[in-house]
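> Below are the structure tokens for one structure; questions will follow.
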2 protein chains.
Amino acid sequence: MQRPRIYLDHTATTPLAPGVLGAMAPYLTEKWLSPAGLYRGARAMKRELDDARRRVAGLLGAESGEIVFTSSGTESIGLAVRGVAMASQHRGRHIITSRIEHRAVLDSAEQLGKQGWRVTYLAADADGVVDLAALEASLDDETALVSIMWANNEVGTIQPVREIARLVKARNPAIPVHVDAIAAAGYLPLDVGDLGVDLISLSSHKVGGPKGAGLLWVRRGVLLQPQILGGDQERGRRAGTEDVPAIMGMVRALEIALPAAAQQAERVGTLCSRLLEHVAEAIPGTVVTGHRTQRLPHIASFCFEGVDGEALLLQLDVQGIAAASGSACTSATLEPSHVLRAMGVPTRLAEGNLRLSLGPENTADEVDYVLEALPRVVERLRALRK
Amino acid sequence: MQRPRIYLDHTATTPLAPGVLGAMAPYLTEKWLSPAGLYRGARAMKRELDDARRRVAGLLGAESGEIVFTSSGTESIGLAVRGVAMASQHRGRHIITSRIEHRAVLDSAEQLGKQGWRVTYLAADADGVVDLAALEASLDDETALVSIMWANNEVGTIQPVREIARLVKARNPAIPVHVDAIAAAGYLPLDVGDLGVDLISLSSHKVGGPKGAGLLWVRRGVLLQPQILGGDQERGRRAGTEDVPAIMGMVRALEIALPAAAQQAERVGTLCSRLLEHVAEAIPGTVVTGHRTQRLPHIASFCFEGVDGEALLLQLDVQGIAAASGSACTSATLEPSHVLRAMGVPTRLAEGNLRLSLGPENTADEVDYVLEALPRVVERLRALRK
């Protein structure tokens, strides 16, 4: 299969980190029994699954019983948003989120809206930071959930999550705060106690783990209504025979990625900073989107005036560069990004969006190549338009 | 890891069939890109995924666009039951199912009940066949869904699904009929046109495929509200980056299992019949549960008077035999089976339930060993009780 020479779409998905396939392999071959069985090999599976849960809980500073394994980050987000909402409607039917969330949050909120919930969508400023004053003003006696992402997957802006949690808890400590940490994981230091929130969603395949696995951390005591029903797995919070190979792969990937976050942030951040600086210098009419300093170190997002994002991606592909425009998960649709729109980026600029997201395997040579190829491609596309 | 010598719990899970891991392997290593990407390798992934969808659709006599890949059979069932219900509430808020369904159906129905839906649970007779007269009587102008399993996973009884579909459609052709075919797949001939129903749920890991994959066939035109939200994957019916390795494994497993169904039914059926006959002969106070003739060929379910199911499983385990009691997916709880209860089996008998479910790798020697060991174990347990 022909592959891009330079892969810069790590917020879409990542290759398995070294060692992850090895951690999965026994569970794809000899260790295939269901952890629910009452016989020797099955009981061993249960112990090994419990052990993996303990390990990942330890990594996050959480308790083992607070970890719910899911089939994806998207499923984790839906379980958090709809699961908390549905479990706590007695408290009120109001949730607060922001306009720059991943669609998994927005679509869940929209569904709740159709079912009679009041949904407040916080605005974001031009840097992509959510409006804290609006958050404070919108909290009321009916608020059952606040869901804000830690860092945005399109423009990289980091939200003041601790401050958000503090504001919410000052109003009412019983209001759960959910954080989508999918884009941030592996680059920001993740300890559940540190953020002061109540639920955190993670995805496996964005941090070097396999597809088919996600995780939701739920602080003990937070009520959650399961969204996949029909069995006692995950303490009744997510039914279905556990996908042990994928879970084992995810746990191993997190064991690699999370402790290395600071180091990766520095290494990849250096490469990404070069991209951010030199692209803006080399290409007139470039707008760098996202916050200047409060940003993920591995995401560079640009808008080029007078360029069509789709054409740009296809031309970069010809040059062997894999990148994204708009939201990765839905880039097949190529609508102008709802995140850029929320940040007030004019449509004609948003249509010329390019997102480069780096990963552990990217090199300085690759960045050099992009810095050489990208200006040429943009120039050619602009020339064609005239 | 110590393993049972004789595995007779195939309705819980199965080992990967030969060739399945090979079908997954490329997607766990070099072919890891997301099918949503707009670059060469990603577009190739999309084509390969489309191709797998076409292949499995062809196998089922379905159209490619009618296949929704999910993360499990449980998820497929929830998508069918709650997805159809929520999409068609304008037609009415009444659903019909039976007391002997898998918990994935029952728990979904119960949740709808809490949300104001009227739920009719059809009774079953002593053989485990649902009451067709009651079905006919309960169909009304508000009925939005009928969900009945093809064959029961605990006692093996096959339901008259074609007759059920005919009754429903005679009342109103617009009422969708969902069939949980998870236990039946690989043993009964599966062609979606043949059954006359509208939705069919399948699981991967019950037919030699990997855990982490399931499938829902949805007849074109049947409205479905997605249950996992936040992306355009699966034509907007199931969001989240596709778990391509698991999907590829499932499709390969179905390509092996479905065409071989008649042959497996005969081979495994011969072994299972010997179990059914000789166990009842050798052990006094045995009740064989399930229909005498309309039954899956690979499931043997017994109740032994004066025996505790859990103790029986543990003693069989000591003998190297892996089996189940009650419902496999929830056997950790070991409550008396809701299926046996619905069939009118007295609690004291239901507590002595044993389910042996065979698979392609079981042999006549293994059956001989069970026929030798099981009577001894039952006798010893009964002696201890006295």
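Letters A, B, ... go to the chains of the structure tokens in the order shown; residues in each chain start at 1; ligands are counted from 1 in the same order.
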Might you pull out every residue within 9 Å of Ala185 of chain B, with only C-alpha atoms counted and same-chain residues fewer than 3 positions away left off, and present them as an mmCIF file with N, CA and C atoms, in the first residue's frame?

```
data_model
loop_
_atom_site.group_PDB
_atom_site.id
_atom_site.type_symbol
_atom_site.label_atom_id
_atom_site.label_comp_id
_atom_site.auth_asym_id
_atom_site.auth_seq_id
_atom_site.Cartn_x
_atom_site.Cartn_y
_atom_site.Cartn_z
ATOM 1 N N ALA B 181 -29.567 -12.536 16.094
ATOM 2 C CA ALA B 181 -29.156 -13.805 15.480
ATOM 3 C C ALA B 181 -27.799 -14.253 16.014
ATOM 4 N N ILE B 182 -27.398 -13.727 17.162
ATOM 5 C CA ILE B 182 -26.036 -13.947 17.642
ATOM 6 C C ILE B 182 -25.767 -15.412 17.959
ATOM 7 N N LEU B 188 -27.354 -21.805 11.672
ATOM 8 C CA LEU B 188 -28.568 -21.758 10.855
ATOM 9 C C LEU B 188 -28.246 -20.973 9.586
ATOM 10 N N PRO B 189 -28.891 -21.316 8.473
ATOM 11 C CA PRO B 189 -28.601 -20.612 7.208
ATOM 12 C C PRO B 189 -29.096 -19.181 7.283
ATOM 13 N N LEU B 190 -28.197 -18.240 7.102
ATOM 14 C CA LEU B 190 -28.526 -16.828 7.316
ATOM 15 C C LEU B 190 -28.543 -16.062 6.000
ATOM 16 N N LEU B 202 -25.505 -9.312 14.799
ATOM 17 C CA LEU B 202 -24.513 -10.382 14.821
ATOM 18 C C LEU B 202 -23.331 -9.958 15.688
ATOM 19 N N SER B 203 -22.656 -10.937 16.255
ATOM 20 C CA SER B 203 -21.457 -10.682 17.044
ATOM 21 C C SER B 203 -20.280 -11.399 16.399
ATOM 22 N N LYS B 206 -18.424 -14.640 18.738
ATOM 23 C CA LYS B 206 -19.179 -15.876 18.972
ATOM 24 C C LYS B 206 -19.062 -16.810 17.764
ATOM 25 N N VAL B 207 -18.448 -16.327 16.684
ATOM 26 C CA VAL B 207 -18.331 -17.149 15.467
ATOM 27 C C VAL B 207 -16.892 -17.210 14.969
ATOM 28 N N LEU B 254 -16.882 -14.423 9.553
ATOM 29 C CA LEU B 254 -18.214 -14.689 8.988
ATOM 30 C C LEU B 254 -18.094 -15.386 7.640
ATOM 31 N N ALA B 257 -17.506 -18.933 8.752
ATOM 32 C CA ALA B 257 -18.554 -19.607 9.532
ATOM 33 C C ALA B 257 -19.884 -19.723 8.786
ATOM 34 N N LEU B 258 -20.311 -18.663 8.108
ATOM 35 C CA LEU B 258 -21.661 -18.697 7.539
ATOM 36 C C LEU B 258 -21.810 -19.731 6.417
ATOM 37 N N ALA B 261 -22.189 -23.314 7.724
ATOM 38 C CA ALA B 261 -23.175 -23.526 8.781
ATOM 39 C C ALA B 261 -23.825 -24.918 8.715
#
```
> Taking the backbone alone, and naming residues the way the document does, which bits of segment 49-297 of chain A are alpha helix (DSSP H) by DSSP, as an NGL selection string?
:A and (49-60 or 73-87 or 103-114 or 132-138 or 161-171 or 192-195 or 233-236 or 244-257 or 261-282)
> Could you write out as a ChimeraX atom specification the residues of chain B within 7 Å of chain A, counting only C-alpha atoms?
/B:1-4,12-13,15,32-34,36-41,71-72,74-75,78,103-105,107-108,211-212,228-232,240,243,313-314,317,322,329-332
> Any chance you can output those residues with N, CA and C atoms as a CSV table (one decimal), in the first residue's frame?

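Below is the file result.csv, written as the result:
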```csv
chain,number,residue,atom,x,y,z
B,1,MET,N,-0.5,-19.9,30.8
B,1,MET,CA,-1.8,-19.8,31.5
B,1,MET,C,-2.5,-21.2,31.4
B,2,GLN,N,-2.9,-21.7,32.6
B,2,GLN,CA,-3.6,-23.0,32.6
B,2,GLN,C,-4.9,-22.8,31.9
B,3,ARG,N,-5.2,-23.8,31.1
B,3,ARG,CA,-6.4,-23.7,30.3
B,3,ARG,C,-7.3,-25.0,30.4
B,4,PRO,N,-8.6,-24.8,30.2
B,4,PRO,CA,-9.4,-26.0,30.3
B,4,PRO,C,-9.0,-27.0,29.2
B,12,ALA,N,-20.4,-18.3,25.0
B,12,ALA,CA,-19.7,-17.2,25.7
B,12,ALA,C,-18.7,-16.5,24.8
B,13,THR,N,-17.8,-17.2,24.3
B,13,THR,CA,-16.8,-16.7,23.3
B,13,THR,C,-16.2,-17.9,22.6
B,15,PRO,N,-12.5,-19.1,20.2
B,15,PRO,CA,-11.1,-18.8,19.8
B,15,PRO,C,-11.2,-18.2,18.3
B,32,TRP,N,-2.5,1.3,9.2
B,32,TRP,CA,-3.1,1.8,10.4
B,32,TRP,C,-3.8,3.2,10.2
B,33,LEU,N,-3.7,3.7,9.0
B,33,LEU,CA,-4.3,5.0,8.8
B,33,LEU,C,-5.8,5.0,8.9
B,34,SER,N,-6.3,6.2,9.2
B,34,SER,CA,-7.8,6.3,9.4
B,34,SER,C,-8.4,6.4,8.0
B,36,ALA,N,-10.8,8.0,7.2
B,36,ALA,CA,-11.3,9.4,7.0
B,36,ALA,C,-10.3,10.3,6.3
B,37,GLY,N,-9.0,9.9,6.3
B,37,GLY,CA,-8.0,10.9,5.8
B,37,GLY,C,-8.1,11.1,4.3
B,38,LEU,N,-7.6,12.3,3.9
B,38,LEU,CA,-7.7,12.6,2.5
B,38,LEU,C,-6.3,12.5,1.8
B,39,TYR,N,-5.6,11.4,2.1
B,39,TYR,CA,-4.3,11.1,1.5
B,39,TYR,C,-4.2,9.7,1.1
B,40,ARG,N,-3.2,9.4,0.3
B,40,ARG,CA,-3.2,8.1,-0.4
B,40,ARG,C,-3.5,6.9,0.5
B,41,GLY,N,-2.7,6.6,1.5
B,41,GLY,CA,-2.9,5.4,2.3
B,41,GLY,C,-4.2,5.4,2.9
B,71,SER,N,-19.1,-2.1,17.8
B,71,SER,CA,-18.0,-2.7,18.6
B,71,SER,C,-18.4,-4.0,19.3
B,72,SER,N,-19.7,-4.5,19.2
B,72,SER,CA,-20.1,-5.7,19.8
B,72,SER,C,-21.5,-6.1,19.4
B,74,THR,N,-23.7,-6.8,21.6
B,74,THR,CA,-24.5,-6.0,22.5
B,74,THR,C,-24.8,-4.6,22.0
B,75,GLU,N,-23.8,-4.0,21.5
B,75,GLU,CA,-24.0,-2.6,20.9
B,75,GLU,C,-24.9,-2.7,19.8
B,78,GLY,N,-28.5,-2.9,21.1
B,78,GLY,CA,-28.9,-1.6,21.6
B,78,GLY,C,-29.2,-0.6,20.5
B,103,ARG,N,-30.1,-10.2,27.7
B,103,ARG,CA,-30.2,-9.0,28.5
B,103,ARG,C,-30.0,-7.7,27.8
B,104,ALA,N,-29.2,-7.8,26.7
B,104,ALA,CA,-29.0,-6.6,25.9
B,104,ALA,C,-30.4,-6.0,25.3
B,105,VAL,N,-31.3,-7.0,25.0
B,105,VAL,CA,-32.6,-6.5,24.5
B,105,VAL,C,-33.4,-6.1,25.7
B,107,ASP,N,-32.7,-5.2,28.8
B,107,ASP,CA,-32.2,-3.9,29.5
B,107,ASP,C,-32.6,-2.7,28.6
B,108,SER,N,-32.4,-2.8,27.3
B,108,SER,CA,-32.8,-1.7,26.4
B,108,SER,C,-34.3,-1.4,26.5
B,211,LYS,N,-12.9,-10.3,19.5
B,211,LYS,CA,-13.8,-9.4,20.3
B,211,LYS,C,-13.7,-8.0,19.8
B,212,GLY,N,-14.6,-7.2,20.2
B,212,GLY,CA,-14.5,-5.8,19.7
B,212,GLY,C,-15.2,-5.5,18.4
B,228,ILE,N,-24.2,6.0,19.3
B,228,ILE,CA,-22.9,6.6,19.6
B,228,ILE,C,-22.8,7.7,18.6
B,229,LEU,N,-22.7,9.0,19.1
B,229,LEU,CA,-22.8,10.2,18.3
B,229,LEU,C,-21.5,10.9,18.2
B,230,GLY,N,-21.3,11.6,17.0
B,230,GLY,CA,-20.2,12.5,16.9
B,230,GLY,C,-19.3,12.3,15.7
B,231,GLY,N,-19.9,11.8,14.7
B,231,GLY,CA,-19.1,11.6,13.4
B,231,GLY,C,-19.9,11.0,12.4
B,232,ASP,N,-19.4,11.1,11.1
B,232,ASP,CA,-20.2,10.6,10.0
B,232,ASP,C,-20.0,9.2,9.6
B,240,GLY,N,-17.3,7.4,15.4
B,240,GLY,CA,-16.0,6.9,15.9
B,240,GLY,C,-15.2,6.3,14.8
B,243,ASP,N,-12.8,0.6,13.8
B,243,ASP,CA,-11.8,-0.4,14.4
B,243,ASP,C,-11.5,-1.4,13.2
B,313,LEU,N,-20.1,-26.3,38.1
B,313,LEU,CA,-19.1,-25.7,37.2
B,313,LEU,C,-17.7,-25.8,37.8
B,314,LEU,N,-17.6,-25.6,39.1
B,314,LEU,CA,-16.3,-25.6,39.7
B,314,LEU,C,-15.7,-27.1,39.7
B,317,ASP,N,-14.7,-27.9,36.2
B,317,ASP,CA,-13.4,-27.2,36.0
B,317,ASP,C,-12.2,-28.0,36.5
B,322,ALA,N,-14.7,-26.8,30.7
B,322,ALA,CA,-15.2,-25.4,30.8
B,322,ALA,C,-16.6,-25.4,30.3
B,329,CYS,N,-23.0,-14.5,29.5
B,329,CYS,CA,-22.4,-13.2,29.6
B,329,CYS,C,-22.5,-12.7,31.0
B,330,THR,N,-23.4,-13.2,31.8
B,330,THR,CA,-23.6,-12.7,33.1
B,330,THR,C,-23.3,-13.8,34.1
B,331,SER,N,-22.6,-14.9,33.7
B,331,SER,CA,-22.6,-16.1,34.6
B,331,SER,C,-21.8,-15.7,35.9
B,332,ALA,N,-21.1,-14.6,35.9
B,332,ALA,CA,-20.4,-14.2,37.1
B,332,ALA,C,-21.4,-14.0,38.2
```
> Measuring between only C-alpha atoms, which one of A:Leu223, A:Ala17, A:Leu8, A:Ala124 shows the shortest distance to Gln89 of chain A?
A:Leu223
> List the neighbours of segment 360-372 of chain A out to 7 Å using only C-alpha atoms; skip same-chain residues closer than 2 positions along the sequence, and give me the result as a ChimeraX atom specification.
/A:6,264,268,271,275,279,358,374-375
> Give me the segment 193-289 of chain A side of the contact with segment 162-169 of chain A, cut-off 12 Å, one line per residue showing its nearest atom pair and distance in Å at one decimal, counting only C-alpha atoms, sorted by chain and residue number, as CSV.

```
residue,atom,partner,partner_atom,distance
A:Gly193,CA,A:Arg162,CA,10.5
A:Asp194,CA,A:Arg162,CA,8.0
A:Leu195,CA,A:Arg162,CA,5.2
A:Gly196,CA,A:Ala165,CA,5.9
A:Val197,CA,A:Ala165,CA,5.8
A:Asp198,CA,A:Ala165,CA,9.0
A:Leu199,CA,A:Ala165,CA,11.2
```
> Using only C-alpha atoms, please write the residues we just selected to a file, as a PDB file, in the first residue's frame.

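Everything below was put into selection.pdb:
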```pdb
ATOM      1  CA  GLY A 193      -6.641  14.695  41.112  1.00  0.00           C
ATOM      2  CA  ASP A 194      -4.723  17.638  39.716  1.00  0.00           C
ATOM      3  CA  LEU A 195      -7.411  18.920  37.347  1.00  0.00           C
ATOM      4  CA  GLY A 196     -10.173  19.034  39.956  1.00  0.00           C
ATOM      5  CA  VAL A 197     -12.732  17.574  37.561  1.00  0.00           C
ATOM      6  CA  ASP A 198     -14.970  14.501  37.794  1.00  0.00           C
ATOM      7  CA  LEU A 199     -14.819  12.685  34.463  1.00  0.00           C
TER       8      LEU A 199
END
```
> May I ask for the distance between atom CA of Arg82 of chain B and atom CA of Ala184 of chain B, given in Å to one decimal place?
22.1 Å
> What is the atom CA of Leu59 of chain A to atom CA of Ala80 of chain A distance in Å?
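Atom CA of Ala80 of chain A lies at a distance of 20.5 Å from atom CA of Leu59 of chain A.
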> DSSP on the backbone: which residues in segment 173-326 of chain A end up as strand (DSSP E)? Give the answer as a PyMOL selection string.
chain A and resi 177-180+199-203+214-218+286-289+299-304+321-322
> Quote the spacing between atom CA of Ile100 of chain B and atom CA of Gly83 of chain B in Å to one decimal place.
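Atom-to-atom, atom CA of Ile100 of chain B and atom CA of Gly83 of chain B are spaced 20.9 Å apart.
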> Go through A:Val218, A:Ile158, A:Cys272, A:His278 and flag the residue nearest Gly65 of chain A, using only C-alpha atoms for the distances.
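Of all the options, A:Val218 lies closest to Gly65 of chain A.
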> Please list as a count of residues only every residue within 12 Å of Pro336 of chain A, counting only C-alpha atoms and excluding residues in the same chain fewer than 6 positions away.
22
> Pick the closest to Glu48 of chain B from B:Val146, B:Ala183, B:Ala23, B:Leu276: which is it, counting only C-alpha atoms?
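Answer, going by the shortest atom-to-atom distance: B:Ala23.
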> When you count only C-alpha atoms, which of these residues is closest to Pro259 of chain B: B:Arg380, B:Ile299, B:Gly186, B:Val177?
B:Gly186
> With only C-alpha atoms as the counted atoms, please give the residues lying no more than 10 Å from Thr293 of chain A, apart from itself and same-chain residues fewer than 4 positions off, as a PyMOL selection string.
chain A and resi 127+157-158+297
